[in-house]
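One structure is given below, encoded as structure tokens.
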Amino acid sequence: MKPGNVLRAKTLALAIAIGTGGPATAVRADELQDLKAQLEALKKKVGELEMKQETAEKMQAAVADNVVMGGATKGSFKLPGLNTSVTLGGYVKLDAVFSNPSAGVDTKGDLFLDPTAIPVGPTAGNNERNQVKFGARESRLFVKTNTPTSMGDLNTHVEFDFYGADGNESVSNSHGFRLRHAYGTLGNFLAGQTWTNFMNPASLPDTLDFGGPVGQIFDRQAQVRDRVRDDHVLGLQAARKRGRREALGNLAQRGFQSAHRVRRRKRGWGRVTDAW
């Protein structure tokens with residue numbers, strides 16, 4: 001090819017390149033501008049969402065200071081301005097008990113099985129025969145609280161029934177409150193009145209009768225205890241206990257200090273508890 005033709009070919013190629021490259025560069029510039037516009041719109045939307053979230057959090061905080069809210073535990077609520085969850089509960093129960101002979105006039109033994117109130121001896125025949133008695137003294141009320149702390153959850157439990165001071169069934173049956181449980185726990189530590197360590201409530205059979213089966217271990221005591229292991233629940237307890245023997249009206253009591261520990265082990269067929 002002649003030198004002139006070569007020069008004209010190169011000039012034509014350069015013109016084609018310039019002709020095709022110009023529009024492509026313009027398109028890329030337009031795309032870049034679109035991306036910048038979309039980015040700015042996205043930033044604006046994110047800012048609006050953050051402002052809405054902050055406003056909602058402020059409103060929620062304001063509501064929490066003035067409105068009762070749902071608590072952290074099932075069925076509980078939080079009072080305004082507090083981080084404590086409160087649970088109220090209980091039940092109402094009517095008992096109808098047939099006795100033959102009865103345990104006597106205005107006695108708890110006519111409402112549940114009390115072995116010490118079973119009429120025996122020469123005067124047993126003086127008690128009423130074929131007696132039917134109604135009562136609602138087993139009805140129960142309790143209050144529980146749960147408060148998170150840096151040392152674990154602080155829980156309290158207070159529970160009452162109506163087997164306190166006897167009311168007169170001839171007038172108003174105004175039976176008094178009776179304290180059943182009143183204790184607090186912090187982590188594994190417990191202080192207050194509840195079931196003694198020598199009793200395993202899970203072993204009690206379900207019965208309609210409030211007294212339960214004869215021969216059961218049944219005791220609530222004021223105590224201090226600490227669960228020191230979780231694998232099979234090794235417990236320590238120091239309690240002011242009262243030893244008691246009951247045999248159909250004969251009662252002997254003596255007070256003493258006790259310190260003991262309990263070990264509960266779970267097996268596939270059940271649980272084993274030993275205390276000493």
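In the structure tokens, the first chain shown is A, the next is B, and so on; residue numbers restart at 1 for each chain, and ligands run from 1 in the order shown.
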- Item | All alpha helix (DSSP H) residues (DSSP, backbone) inside stretch 15-208 of chain A, as a PyMOL selection string | chain A and resi 15-64
- For A:Thr156, work out the shell of residues within 12 Å, counting only C-alpha atoms and skipping chain neighbours fewer than 3 positions away, then give it as a PyMOL selection string. chain A and resi 84-88+142-148+153+159+181-187+189-194
Since we have the selection now, will you write its residues out, keeping C-alpha atoms, as a short mmCIF file (atom, residue, chain, number, x, y, z; two decimals), in the first residue's frame?
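Written file, selection.cif:
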```
data_model
loop_
_atom_site.label_atom_id
_atom_site.label_comp_id
_atom_site.auth_asym_id
_atom_site.auth_seq_id
_atom_site.Cartn_x
_atom_site.Cartn_y
_atom_site.Cartn_z
CA THR A 84 -40.38 -5.09 87.83
CA SER A 85 -42.86 -7.58 86.35
CA VAL A 86 -45.81 -8.33 88.64
CA THR A 87 -48.02 -11.42 88.40
CA LEU A 88 -51.34 -11.75 90.26
CA PHE A 142 -50.69 -15.04 95.24
CA VAL A 143 -48.44 -12.22 94.09
CA LYS A 144 -45.15 -12.77 92.23
CA THR A 145 -42.53 -10.27 91.11
CA ASN A 146 -39.54 -10.53 88.79
CA THR A 147 -36.80 -7.88 88.59
CA PRO A 148 -33.63 -8.29 86.47
CA ASP A 153 -33.23 -12.29 88.41
CA GLU A 159 -49.21 -16.72 98.76
CA HIS A 181 -45.37 -18.90 101.14
CA ALA A 182 -43.36 -15.70 101.44
CA TYR A 183 -39.85 -15.89 99.98
CA GLY A 184 -37.41 -14.26 97.62
CA THR A 185 -34.75 -15.71 95.34
CA LEU A 186 -31.67 -14.17 93.78
CA GLY A 187 -29.98 -16.59 91.44
CA PHE A 189 -30.08 -18.18 96.79
CA LEU A 190 -33.44 -18.35 98.62
CA ALA A 191 -34.63 -16.71 101.85
CA GLY A 192 -38.11 -16.81 103.36
CA GLN A 193 -40.87 -19.32 104.09
CA THR A 194 -41.61 -22.15 101.69
#
```
- Query: Which residues in stretch 107-183 of chain A does DSSP call strand (DSSP E or B)? List them as number ranges by chain.
  - Reply: A: 131-135, 140-149, 152-161, 178-183
- Query: By how many Å are atom CA of A:Val120 and atom CA of A:Ala136 apart?
  - Reply: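 Straight-line distance from atom CA of A:Val120 to atom CA of A:Ala136 works out to 26.9 Å.
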- Task: Please measure the separation of atom CA of A:Asn197 and atom CA of A:Arg225, giving the value in Å to one decimal.
- Result: 8.9 Å
- Message: Would you pick out the contacts of A:Asp209 at 12 Å or less, using only C-alpha atoms, so that residues sharing its chain but fewer than 4 positions from it are not included, and give the list as an MDAnalysis selection string?
- Response: chainID A and resid 93:98 109:114 138 205 213:214
- Task: Could you jot down the atom CA of A:Lys78 to atom CA of A:Ser150 separation for me, Å, one decimal place?
- Result: 19.0 Å
- Message: For a quick check of understanding, using only C-alpha atoms, which of A:Phe218, A:Ala103, A:Asp161, A:Ala41 has the smallest distance to A:Thr116?
- Response: A:Ala103
